2 protein chains.
Amino acid sequence: MTEINPEEMNRDLCPVMKTVSVIGDKWVMRVLRESFLGCKKFDDFQENLGVSKSVLSRKLQRMIETDLLYRKSYKIPGERRRDEYRLTGKGWDLIKVVLAMMEWGNEHLIESGDRTLKVVERGSELPVRLSLLNETGKATDWYSLNLKVDQK
Amino acid sequence: MTEINPEEMNRDLCPVMKTVSVIGDKWVMRVLRESFLGCKKFDDFQENLGVSKSVLSRKLQRMIETDLLYRKSYKIPGERRRDEYRLTGKGWDLIKVVLAMMEWGNEHLIESGDRTLKVVERGSELPVRLSLLNETGKATDWYSLNLKVDQK
């Protein structure tokens, strides 16, 4: 691993910007939010998001191309075959980004006393929080980080 | 705390979408990335981002209004007084969102063997990873979460 000087950093390497290029569209985040809430059917996405069929089709198709969603057909007896839109593993892994946004929103955009959404651990019902751990499982201070160029 | 049925969820409460409304602009993420790399001066932002002065001014002003950045003036002897643009505490707290995007990008958008950027713990130089802990400090499974409506 090579330590780098931020001034000389090659910004083309930045995985954060690569991620923004995939999910940096408000509609992608809206569809993801619905998917994480369990939404799978076209009509349900449309109703929950209040969007036209053509816009939604285009957004879902794009998210299939970027491998965030996949199509799975289903059939209700007496009706025609339809598609469900489900999260791929790659899409599901965005849970960390979604939870990080949720924490920040709850911390900084919600007034004290206002109602909001929170995630809790199923079973214990205890609130959960993102933490930064090193490879040995020890908590790391958010302020004590270095940036490195490395091979995947 | 009240457990909710996702179908009946009031989407106006969603802190993720509130966050997207503040940072869901590619330029905001680009400026934040530079700020986390230590960039403070207008000319440095401009050079690193390859953007016009007028666009950059507007983006920085907007990020001051949403309290992600603040202005601090400085003076080099013999030159006129200038402004630096620094992260507020609220802006700095987006580190979790940035690191979550970095992890996801490294996991899913970088080919094995390609060079990329990673964060390591200063001192030990060990790789770090976001984890989900409950209030007692115990690790929580990403798949074992419930969503609740609660007061802040």
# chains A, B, ... in the order shown; residues from 1 in each chain; ligands from 1
>>> closest_atom_pairs(of="chain B", to="chain A", cutoff="7 Å", atoms="only C-alpha atoms", output="Markdown table")
| residue | atom | partner | partner_atom | distance |
| --- | --- | --- | --- | --- |
| B:Pro6 | CA | A:Leu37 | CA | 5.9 |
| B:Leu13 | CA | A:Thr116 | CA | 5.3 |
| B:Cys14 | CA | A:Leu117 | CA | 6.1 |
| B:Pro15 | CA | A:Gly105 | CA | 4.8 |
| B:Val16 | CA | A:Met102 | CA | 4.6 |
| B:Lys18 | CA | A:Gly105 | CA | 6.3 |
| B:Thr19 | CA | A:Gly105 | CA | 5.2 |
| B:Val20 | CA | A:Lys26 | CA | 6.8 |
| B:Gly24 | CA | A:Gly24 | CA | 6.2 |
| B:Asp25 | CA | A:Gly24 | CA | 6.9 |
| B:Lys26 | CA | A:Gly24 | CA | 6.3 |
| B:Leu37 | CA | A:Pro6 | CA | 5.9 |
| B:Lys90 | CA | A:His108 | CA | 6.7 |
| B:Leu94 | CA | A:Trp104 | CA | 6.8 |
| B:Lys96 | CA | A:Ala100 | CA | 5.7 |
| B:Val97 | CA | A:Ala100 | CA | 5.0 |
| B:Val98 | CA | A:Val16 | CA | 6.6 |
| B:Ala100 | CA | A:Val97 | CA | 5.0 |
| B:Met101 | CA | A:Val16 | CA | 5.3 |
| B:Met102 | CA | A:Val16 | CA | 4.6 |
| B:Trp104 | CA | A:Leu94 | CA | 6.8 |
| B:Gly105 | CA | A:Pro15 | CA | 4.8 |
| B:Asn106 | CA | A:Pro15 | CA | 5.9 |
| B:His108 | CA | A:Lys90 | CA | 6.7 |
| B:Ser112 | CA | A:Lys152 | CA | 5.2 |
| B:Gly113 | CA | A:Lys152 | CA | 5.1 |
| B:Asp114 | CA | A:Gln151 | CA | 5.3 |
| B:Arg115 | CA | A:Gln151 | CA | 4.3 |
| B:Thr116 | CA | A:Leu13 | CA | 5.3 |
| B:Leu117 | CA | A:Val149 | CA | 4.6 |
| B:Lys118 | CA | A:Lys148 | CA | 5.3 |
| B:Val119 | CA | A:Leu147 | CA | 4.6 |
| B:Val120 | CA | A:Asn146 | CA | 5.3 |
| B:Glu121 | CA | A:Leu145 | CA | 4.8 |
| B:Arg122 | CA | A:Leu145 | CA | 5.0 |
| B:Leu126 | CA | A:Asn134 | CA | 6.1 |
| B:Pro127 | CA | A:Asn134 | CA | 5.8 |
| B:Val128 | CA | A:Asn134 | CA | 4.2 |
| B:Arg129 | CA | A:Leu133 | CA | 5.4 |
| B:Leu130 | CA | A:Leu132 | CA | 4.6 |
| B:Ser131 | CA | A:Ser131 | CA | 5.2 |
| B:Leu132 | CA | A:Leu130 | CA | 4.6 |
| B:Leu133 | CA | A:Arg129 | CA | 5.4 |
| B:Asn134 | CA | A:Val128 | CA | 4.2 |
| B:Glu135 | CA | A:Pro127 | CA | 6.1 |
| B:Thr140 | CA | A:Glu121 | CA | 6.8 |
| B:Ser144 | CA | A:Arg122 | CA | 5.3 |
| B:Leu145 | CA | A:Glu121 | CA | 4.8 |
| B:Asn146 | CA | A:Val120 | CA | 5.3 |
| B:Leu147 | CA | A:Val119 | CA | 4.6 |
| B:Lys148 | CA | A:Lys118 | CA | 5.3 |
| B:Val149 | CA | A:Leu117 | CA | 4.6 |
| B:Asp150 | CA | A:Arg115 | CA | 5.4 |
| B:Gln151 | CA | A:Arg115 | CA | 4.3 |
| B:Lys152 | CA | A:Gly113 | CA | 5.1 |
>>> select_by_dssp(residues="range 88-129 of chain A", states="alpha helix (DSSP H)", output="list in words")
Gly89, Lys90, Gly91, Trp92, Ile95, Lys96, Val97, Val98, Leu99, Ala100, Met101, Met102, Glu103, Trp104, Gly105, Asn106, Glu107 and His108 of chain A
>>> calpha_fit_and_write(fixed="chain A", moving="chain B", output="short mmCIF file (atom, residue, chain, number, x, y, z; two decimals) with N, CA and C atoms, in the first residue's frame")
data_model
loop_
_atom_site.label_atom_id
_atom_site.label_comp_id
_atom_site.auth_asym_id
_atom_site.auth_seq_id
_atom_site.Cartn_x
_atom_site.Cartn_y
_atom_site.Cartn_z
N MET B 1 0.84 -1.16 -0.03
CA MET B 1 0.00 0.04 0.00
C MET B 1 0.87 1.28 0.00
N THR B 2 0.47 2.26 -0.75
CA THR B 2 1.22 3.51 -0.86
C THR B 2 0.42 4.64 -0.23
N GLU B 3 1.03 5.35 0.68
CA GLU B 3 0.33 6.50 1.24
C GLU B 3 0.34 7.62 0.21
N ILE B 4 -0.74 8.40 0.17
CA ILE B 4 -0.80 9.42 -0.88
C ILE B 4 -0.99 10.81 -0.32
N ASN B 5 -0.55 11.73 -1.12
CA ASN B 5 -0.77 13.14 -0.84
C ASN B 5 -2.06 13.54 -1.56
N PRO B 6 -3.06 14.02 -0.79
CA PRO B 6 -4.35 14.34 -1.43
C PRO B 6 -4.21 15.26 -2.64
N GLU B 7 -3.21 16.16 -2.59
CA GLU B 7 -3.02 17.09 -3.71
C GLU B 7 -2.68 16.36 -5.00
N GLU B 8 -2.03 15.21 -4.85
CA GLU B 8 -1.58 14.48 -6.04
C GLU B 8 -2.50 13.31 -6.37
N MET B 9 -3.61 13.22 -5.61
CA MET B 9 -4.49 12.08 -5.79
C MET B 9 -5.12 12.05 -7.18
N ASN B 10 -5.11 10.90 -7.76
CA ASN B 10 -5.80 10.70 -9.02
C ASN B 10 -7.29 10.52 -8.74
N ARG B 11 -8.06 11.57 -9.02
CA ARG B 11 -9.49 11.53 -8.69
C ARG B 11 -10.27 10.49 -9.49
N ASP B 12 -9.70 10.03 -10.59
CA ASP B 12 -10.39 9.00 -11.36
C ASP B 12 -10.49 7.69 -10.60
N LEU B 13 -9.63 7.52 -9.58
CA LEU B 13 -9.66 6.28 -8.81
C LEU B 13 -10.76 6.27 -7.76
N CYS B 14 -11.37 7.43 -7.50
CA CYS B 14 -12.22 7.58 -6.31
C CYS B 14 -13.48 6.72 -6.35
N PRO B 15 -13.57 5.72 -5.45
CA PRO B 15 -14.74 4.83 -5.46
C PRO B 15 -16.02 5.54 -4.99
N VAL B 16 -15.87 6.66 -4.26
CA VAL B 16 -17.06 7.40 -3.84
C VAL B 16 -17.75 8.00 -5.07
N MET B 17 -16.95 8.60 -5.96
CA MET B 17 -17.55 9.21 -7.14
C MET B 17 -18.11 8.15 -8.09
N LYS B 18 -17.46 6.98 -8.13
CA LYS B 18 -18.01 5.89 -8.95
C LYS B 18 -19.39 5.49 -8.41
N THR B 19 -19.52 5.47 -7.08
CA THR B 19 -20.81 5.13 -6.47
C THR B 19 -21.84 6.21 -6.78
N VAL B 20 -21.43 7.47 -6.66
CA VAL B 20 -22.36 8.57 -6.97
C VAL B 20 -22.86 8.46 -8.41
N SER B 21 -21.99 8.00 -9.31
CA SER B 21 -22.43 7.90 -10.71
C SER B 21 -23.51 6.83 -10.89
N VAL B 22 -23.58 5.87 -9.97
CA VAL B 22 -24.61 4.81 -10.07
C VAL B 22 -25.87 5.19 -9.28
N ILE B 23 -25.70 5.77 -8.09
CA ILE B 23 -26.88 6.01 -7.25
C ILE B 23 -27.18 7.50 -7.07
N GLY B 24 -26.40 8.37 -7.73
CA GLY B 24 -26.57 9.81 -7.52
C GLY B 24 -27.71 10.40 -8.33
N ASP B 25 -28.83 9.73 -8.31
CA ASP B 25 -30.04 10.19 -9.00
C ASP B 25 -31.14 10.00 -7.97
N LYS B 26 -31.91 11.07 -7.73
CA LYS B 26 -32.90 10.98 -6.66
C LYS B 26 -33.88 9.82 -6.85
N TRP B 27 -34.17 9.51 -8.13
CA TRP B 27 -35.11 8.42 -8.38
C TRP B 27 -34.54 7.08 -8.00
N VAL B 28 -33.25 6.91 -8.21
CA VAL B 28 -32.62 5.64 -7.81
C VAL B 28 -32.77 5.47 -6.30
N MET B 29 -32.51 6.53 -5.55
CA MET B 29 -32.64 6.44 -4.09
C MET B 29 -34.09 6.19 -3.68
N ARG B 30 -35.04 6.82 -4.39
CA ARG B 30 -36.45 6.61 -4.05
C ARG B 30 -36.87 5.16 -4.30
N VAL B 31 -36.45 4.62 -5.47
CA VAL B 31 -36.80 3.23 -5.78
C VAL B 31 -36.15 2.29 -4.77
N LEU B 32 -34.88 2.57 -4.43
CA LEU B 32 -34.19 1.73 -3.45
C LEU B 32 -34.92 1.74 -2.11
N ARG B 33 -35.33 2.92 -1.68
CA ARG B 33 -36.04 3.03 -0.40
C ARG B 33 -37.28 2.12 -0.43
N GLU B 34 -38.05 2.17 -1.52
CA GLU B 34 -39.25 1.32 -1.62
C GLU B 34 -38.86 -0.16 -1.63
N SER B 35 -37.77 -0.48 -2.32
CA SER B 35 -37.33 -1.89 -2.36
C SER B 35 -36.96 -2.38 -0.97
N PHE B 36 -36.25 -1.54 -0.22
CA PHE B 36 -35.87 -1.94 1.15
C PHE B 36 -37.11 -2.08 2.03
N LEU B 37 -38.18 -1.36 1.70
CA LEU B 37 -39.43 -1.49 2.45
C LEU B 37 -40.25 -2.70 1.99
N GLY B 38 -39.75 -3.42 0.98
CA GLY B 38 -40.41 -4.64 0.56
C GLY B 38 -41.22 -4.52 -0.72
N CYS B 39 -41.19 -3.38 -1.35
CA CYS B 39 -41.95 -3.16 -2.58
C CYS B 39 -41.32 -3.97 -3.72
N LYS B 40 -42.15 -4.67 -4.52
CA LYS B 40 -41.63 -5.48 -5.63
C LYS B 40 -42.39 -5.27 -6.93
N LYS B 41 -43.69 -4.92 -6.81
CA LYS B 41 -44.54 -4.86 -8.01
C LYS B 41 -44.54 -3.47 -8.64
N PHE B 42 -44.58 -3.47 -9.97
CA PHE B 42 -44.57 -2.21 -10.72
C PHE B 42 -45.64 -1.25 -10.21
N ASP B 43 -46.88 -1.77 -10.07
CA ASP B 43 -47.99 -0.90 -9.65
C ASP B 43 -47.77 -0.32 -8.26
N ASP B 44 -47.13 -1.10 -7.38
CA ASP B 44 -46.88 -0.59 -6.02
C ASP B 44 -45.81 0.51 -6.04
N PHE B 45 -44.74 0.28 -6.84
CA PHE B 45 -43.73 1.36 -6.98
C PHE B 45 -44.42 2.63 -7.49
N GLN B 46 -45.28 2.43 -8.51
CA GLN B 46 -45.91 3.60 -9.13
C GLN B 46 -46.77 4.35 -8.12
N GLU B 47 -47.56 3.60 -7.35
CA GLU B 47 -48.45 4.24 -6.38
C GLU B 47 -47.64 4.93 -5.27
N ASN B 48 -46.62 4.23 -4.76
CA ASN B 48 -45.86 4.79 -3.64
C ASN B 48 -45.01 6.00 -4.04
N LEU B 49 -44.58 6.00 -5.31
CA LEU B 49 -43.68 7.07 -5.75
C LEU B 49 -44.42 8.18 -6.49
N GLY B 50 -45.65 7.94 -6.88
CA GLY B 50 -46.41 8.96 -7.59
C GLY B 50 -45.72 9.42 -8.86
N VAL B 51 -45.37 8.45 -9.72
CA VAL B 51 -44.59 8.76 -10.91
C VAL B 51 -45.29 8.12 -12.12
N SER B 52 -45.04 8.67 -13.31
CA SER B 52 -45.69 8.11 -14.50
C SER B 52 -45.10 6.74 -14.84
N LYS B 53 -45.92 5.93 -15.56
CA LYS B 53 -45.46 4.59 -15.95
C LYS B 53 -44.19 4.67 -16.78
N SER B 54 -44.12 5.63 -17.70
CA SER B 54 -42.97 5.67 -18.61
C SER B 54 -41.68 6.04 -17.86
N VAL B 55 -41.79 7.01 -16.95
CA VAL B 55 -40.59 7.37 -16.17
C VAL B 55 -40.17 6.19 -15.30
N LEU B 56 -41.13 5.57 -14.62
CA LEU B 56 -40.79 4.45 -13.74
C LEU B 56 -40.16 3.30 -14.54
N SER B 57 -40.74 2.98 -15.70
CA SER B 57 -40.17 1.91 -16.55
C SER B 57 -38.71 2.18 -16.86
N ARG B 58 -38.44 3.44 -17.23
CA ARG B 58 -37.07 3.80 -17.61
C ARG B 58 -36.12 3.67 -16.42
N LYS B 59 -36.59 4.14 -15.25
CA LYS B 59 -35.74 4.08 -14.04
C LYS B 59 -35.47 2.62 -13.65
N LEU B 60 -36.52 1.79 -13.68
CA LEU B 60 -36.34 0.38 -13.30
C LEU B 60 -35.40 -0.33 -14.28
N GLN B 61 -35.59 -0.03 -15.58
CA GLN B 61 -34.73 -0.65 -16.59
C GLN B 61 -33.26 -0.27 -16.36
N ARG B 62 -33.04 1.00 -16.06
CA ARG B 62 -31.67 1.47 -15.81
C ARG B 62 -31.08 0.77 -14.59
N MET B 63 -31.92 0.56 -13.56
CA MET B 63 -31.42 -0.10 -12.34
C MET B 63 -31.20 -1.60 -12.56
N ILE B 64 -31.85 -2.17 -13.57
CA ILE B 64 -31.55 -3.56 -13.94
C ILE B 64 -30.20 -3.59 -14.67
N GLU B 65 -29.99 -2.62 -15.55
CA GLU B 65 -28.72 -2.56 -16.30
C GLU B 65 -27.52 -2.35 -15.37
N THR B 66 -27.71 -1.58 -14.29
CA THR B 66 -26.60 -1.37 -13.36
C THR B 66 -26.59 -2.44 -12.27
N ASP B 67 -27.42 -3.46 -12.43
CA ASP B 67 -27.41 -4.64 -11.56
C ASP B 67 -27.81 -4.33 -10.11
N LEU B 68 -28.67 -3.33 -9.92
CA LEU B 68 -29.21 -3.07 -8.58
C LEU B 68 -30.50 -3.86 -8.37
N LEU B 69 -31.24 -4.08 -9.46
CA LEU B 69 -32.49 -4.84 -9.41
C LEU B 69 -32.45 -5.96 -10.44
N TYR B 70 -33.26 -7.00 -10.21
CA TYR B 70 -33.47 -8.00 -11.26
C TYR B 70 -34.96 -8.27 -11.39
N ARG B 71 -35.34 -8.74 -12.60
CA ARG B 71 -36.74 -9.07 -12.86
C ARG B 71 -37.02 -10.52 -12.50
N LYS B 72 -38.17 -10.76 -11.92
CA LYS B 72 -38.60 -12.14 -11.67
C LYS B 72 -40.09 -12.18 -12.01
N SER B 73 -40.44 -13.08 -12.92
CA SER B 73 -41.84 -13.07 -13.35
C SER B 73 -42.70 -13.89 -12.39
N TYR B 74 -43.94 -13.50 -12.26
CA TYR B 74 -44.90 -14.24 -11.41
C TYR B 74 -46.25 -14.21 -12.13
N LYS B 75 -47.13 -15.13 -11.71
CA LYS B 75 -48.44 -15.22 -12.36
C LYS B 75 -49.52 -15.47 -11.30
N ILE B 76 -50.50 -14.62 -11.29
CA ILE B 76 -51.68 -14.86 -10.46
C ILE B 76 -52.69 -15.57 -11.35
N PRO B 77 -53.28 -16.71 -10.88
CA PRO B 77 -54.22 -17.45 -11.74
C PRO B 77 -55.27 -16.52 -12.35
N GLY B 78 -55.50 -16.65 -13.65
CA GLY B 78 -56.51 -15.84 -14.33
C GLY B 78 -55.99 -14.50 -14.83
N GLU B 79 -54.77 -14.14 -14.42
CA GLU B 79 -54.20 -12.88 -14.91
C GLU B 79 -52.98 -13.18 -15.78
N ARG B 80 -52.50 -12.17 -16.50
CA ARG B 80 -51.32 -12.39 -17.34
C ARG B 80 -50.06 -12.41 -16.46
N ARG B 81 -49.00 -12.99 -17.02
CA ARG B 81 -47.72 -13.05 -16.33
C ARG B 81 -47.17 -11.64 -16.15
N ARG B 82 -46.67 -11.33 -14.97
CA ARG B 82 -46.10 -10.01 -14.70
C ARG B 82 -44.69 -10.13 -14.12
N ASP B 83 -43.99 -9.00 -14.06
CA ASP B 83 -42.63 -9.00 -13.50
C ASP B 83 -42.61 -8.36 -12.12
N GLU B 84 -41.82 -8.95 -11.24
CA GLU B 84 -41.47 -8.28 -9.99
C GLU B 84 -40.07 -7.69 -10.14
N TYR B 85 -39.77 -6.66 -9.38
CA TYR B 85 -38.45 -6.04 -9.41
C TYR B 85 -37.85 -6.20 -8.03
N ARG B 86 -36.82 -7.03 -7.96
CA ARG B 86 -36.22 -7.35 -6.66
C ARG B 86 -34.78 -6.86 -6.56
N LEU B 87 -34.35 -6.60 -5.35
CA LEU B 87 -32.97 -6.17 -5.12
C LEU B 87 -32.01 -7.32 -5.40
N THR B 88 -30.96 -7.07 -6.17
CA THR B 88 -29.85 -8.02 -6.30
C THR B 88 -29.00 -7.95 -5.03
N GLY B 89 -28.01 -8.81 -4.91
CA GLY B 89 -27.09 -8.72 -3.78
C GLY B 89 -26.36 -7.37 -3.77
N LYS B 90 -25.98 -6.93 -4.97
CA LYS B 90 -25.30 -5.64 -5.11
C LYS B 90 -26.22 -4.50 -4.66
N GLY B 91 -27.49 -4.58 -5.03
CA GLY B 91 -28.45 -3.57 -4.60
C GLY B 91 -28.67 -3.62 -3.09
N TRP B 92 -28.78 -4.84 -2.58
CA TRP B 92 -29.03 -4.99 -1.14
C TRP B 92 -27.88 -4.42 -0.32
N ASP B 93 -26.67 -4.56 -0.83
CA ASP B 93 -25.49 -4.06 -0.10
C ASP B 93 -25.51 -2.54 0.08
N LEU B 94 -26.39 -1.84 -0.64
CA LEU B 94 -26.52 -0.39 -0.43
C LEU B 94 -27.18 -0.07 0.91
N ILE B 95 -27.57 -1.10 1.66
CA ILE B 95 -28.16 -0.89 2.99
C ILE B 95 -27.27 0.00 3.85
N LYS B 96 -25.95 -0.15 3.71
CA LYS B 96 -25.04 0.68 4.51
C LYS B 96 -25.17 2.16 4.15
N VAL B 97 -25.28 2.43 2.85
CA VAL B 97 -25.43 3.82 2.41
C VAL B 97 -26.77 4.37 2.90
N VAL B 98 -27.81 3.57 2.78
CA VAL B 98 -29.15 4.00 3.20
C VAL B 98 -29.18 4.27 4.71
N LEU B 99 -28.58 3.36 5.48
CA LEU B 99 -28.57 3.55 6.94
C LEU B 99 -27.70 4.74 7.35
N ALA B 100 -26.60 4.96 6.63
CA ALA B 100 -25.76 6.12 6.94
C ALA B 100 -26.54 7.42 6.67
N MET B 101 -27.31 7.43 5.58
CA MET B 101 -28.14 8.61 5.28
C MET B 101 -29.24 8.77 6.32
N MET B 102 -29.80 7.66 6.77
CA MET B 102 -30.86 7.72 7.77
C MET B 102 -30.33 8.29 9.09
N GLU B 103 -29.15 7.83 9.49
CA GLU B 103 -28.55 8.35 10.74
C GLU B 103 -28.29 9.84 10.64
N TRP B 104 -27.73 10.24 9.51
CA TRP B 104 -27.39 11.66 9.35
C TRP B 104 -28.65 12.51 9.31
N GLY B 105 -29.66 12.03 8.57
CA GLY B 105 -30.93 12.77 8.50
C GLY B 105 -31.56 12.90 9.89
N ASN B 106 -31.55 11.80 10.64
CA ASN B 106 -32.14 11.85 11.98
C ASN B 106 -31.35 12.79 12.90
N GLU B 107 -30.05 12.80 12.73
CA GLU B 107 -29.21 13.64 13.58
C GLU B 107 -29.35 15.13 13.23
N HIS B 108 -29.39 15.43 11.95
CA HIS B 108 -29.23 16.83 11.54
C HIS B 108 -30.44 17.48 10.87
N LEU B 109 -31.41 16.69 10.43
CA LEU B 109 -32.51 17.31 9.68
C LEU B 109 -33.86 17.17 10.39
N ILE B 110 -33.89 16.49 11.52
CA ILE B 110 -35.13 16.30 12.26
C ILE B 110 -35.06 17.12 13.54
N GLU B 111 -36.12 17.88 13.80
CA GLU B 111 -36.16 18.69 15.02
C GLU B 111 -36.41 17.78 16.21
N SER B 112 -35.85 18.14 17.34
CA SER B 112 -36.08 17.38 18.56
C SER B 112 -37.58 17.31 18.86
N GLY B 113 -38.08 16.12 19.13
CA GLY B 113 -39.50 15.95 19.43
C GLY B 113 -40.34 15.57 18.22
N ASP B 114 -39.80 15.79 17.00
CA ASP B 114 -40.56 15.42 15.79
C ASP B 114 -40.52 13.91 15.57
N ARG B 115 -41.56 13.42 14.88
CA ARG B 115 -41.60 11.99 14.57
C ARG B 115 -40.69 11.70 13.39
N THR B 116 -40.06 10.53 13.43
CA THR B 116 -39.18 10.13 12.32
C THR B 116 -39.12 8.61 12.27
N LEU B 117 -38.38 8.07 11.31
CA LEU B 117 -38.19 6.64 11.19
C LEU B 117 -36.82 6.25 11.72
N LYS B 118 -36.78 5.14 12.45
CA LYS B 118 -35.50 4.64 12.94
C LYS B 118 -35.43 3.14 12.70
N VAL B 119 -34.23 2.61 12.65
CA VAL B 119 -34.10 1.16 12.58
C VAL B 119 -33.66 0.63 13.94
N VAL B 120 -34.22 -0.51 14.29
CA VAL B 120 -33.87 -1.18 15.54
C VAL B 120 -33.53 -2.63 15.24
N GLU B 121 -32.82 -3.26 16.16
CA GLU B 121 -32.46 -4.66 16.02
C GLU B 121 -33.71 -5.51 16.27
N ARG B 122 -34.01 -6.40 15.33
CA ARG B 122 -35.18 -7.26 15.49
C ARG B 122 -34.93 -8.18 16.70
N GLY B 123 -35.92 -8.33 17.53
CA GLY B 123 -35.75 -9.19 18.71
C GLY B 123 -35.52 -8.33 19.93
N SER B 124 -34.31 -7.75 20.04
CA SER B 124 -34.02 -6.90 21.21
C SER B 124 -34.73 -5.55 21.09
N GLU B 125 -35.05 -5.15 19.86
CA GLU B 125 -35.67 -3.83 19.57
C GLU B 125 -34.78 -2.66 20.02
N LEU B 126 -33.50 -2.93 20.22
CA LEU B 126 -32.56 -1.86 20.59
C LEU B 126 -32.19 -1.03 19.36
N PRO B 127 -32.02 0.30 19.54
CA PRO B 127 -31.53 1.12 18.42
C PRO B 127 -30.16 0.63 17.94
N VAL B 128 -29.90 0.78 16.65
CA VAL B 128 -28.60 0.39 16.10
C VAL B 128 -27.89 1.62 15.57
N ARG B 129 -26.60 1.51 15.45
CA ARG B 129 -25.77 2.64 15.02
C ARG B 129 -24.57 2.14 14.22
N LEU B 130 -24.24 2.86 13.16
CA LEU B 130 -23.07 2.49 12.37
C LEU B 130 -21.80 2.84 13.14
N SER B 131 -20.87 1.91 13.17
CA SER B 131 -19.58 2.15 13.79
C SER B 131 -18.49 1.73 12.82
N LEU B 132 -17.30 2.21 13.10
CA LEU B 132 -16.17 1.90 12.23
C LEU B 132 -15.24 0.98 13.02
N LEU B 133 -15.06 -0.24 12.52
CA LEU B 133 -14.20 -1.21 13.20
C LEU B 133 -12.99 -1.51 12.32
N ASN B 134 -11.86 -1.78 12.97
CA ASN B 134 -10.73 -2.25 12.16
C ASN B 134 -10.79 -3.77 12.05
N GLU B 135 -9.81 -4.35 11.34
CA GLU B 135 -9.84 -5.79 11.06
C GLU B 135 -9.89 -6.66 12.30
N THR B 136 -9.39 -6.15 13.43
CA THR B 136 -9.38 -6.95 14.65
C THR B 136 -10.70 -6.80 15.41
N GLY B 137 -11.63 -6.00 14.87
CA GLY B 137 -12.93 -5.82 15.54
C GLY B 137 -12.94 -4.68 16.54
N LYS B 138 -11.83 -3.96 16.61
CA LYS B 138 -11.74 -2.84 17.56
C LYS B 138 -12.32 -1.57 16.91
N ALA B 139 -13.05 -0.78 17.73
CA ALA B 139 -13.65 0.45 17.21
C ALA B 139 -12.57 1.46 16.85
N THR B 140 -12.77 2.13 15.72
CA THR B 140 -11.83 3.14 15.23
C THR B 140 -12.48 4.50 15.35
N ASP B 141 -11.69 5.47 15.68
CA ASP B 141 -12.18 6.85 15.77
C ASP B 141 -12.39 7.39 14.34
N TRP B 142 -13.55 8.05 14.12
CA TRP B 142 -13.85 8.62 12.80
C TRP B 142 -12.79 9.64 12.37
N TYR B 143 -12.08 10.21 13.34
CA TYR B 143 -11.12 11.26 13.01
C TYR B 143 -9.71 10.71 12.74
N SER B 144 -9.52 9.40 12.97
CA SER B 144 -8.17 8.83 12.85
C SER B 144 -8.07 7.94 11.62
N LEU B 145 -8.21 8.54 10.46
CA LEU B 145 -8.19 7.73 9.24
C LEU B 145 -7.14 8.25 8.28
N ASN B 146 -6.54 7.35 7.55
CA ASN B 146 -5.66 7.70 6.45
C ASN B 146 -6.25 7.18 5.15
N LEU B 147 -5.91 7.82 4.07
CA LEU B 147 -6.37 7.39 2.76
C LEU B 147 -5.18 6.76 2.04
N LYS B 148 -5.41 5.62 1.39
CA LYS B 148 -4.32 4.93 0.71
C LYS B 148 -4.76 4.52 -0.69
N VAL B 149 -3.80 4.43 -1.59
CA VAL B 149 -4.05 3.79 -2.88
C VAL B 149 -3.67 2.32 -2.72
N ASP B 150 -4.55 1.43 -3.12
CA ASP B 150 -4.30 0.01 -2.96
C ASP B 150 -4.96 -0.75 -4.11
N GLN B 151 -4.49 -1.97 -4.32
CA GLN B 151 -5.18 -2.84 -5.28
C GLN B 151 -6.35 -3.49 -4.60
N LYS B 152 -7.43 -3.72 -5.37
CA LYS B 152 -8.54 -4.48 -4.79
C LYS B 152 -8.10 -5.93 -4.63
#
>>> select_by_dssp(residues="chain A", states="strand (DSSP E)", output="ChimeraX atom specification")
/A:2-3,69-74,82-87,115-121,128-134,145-151
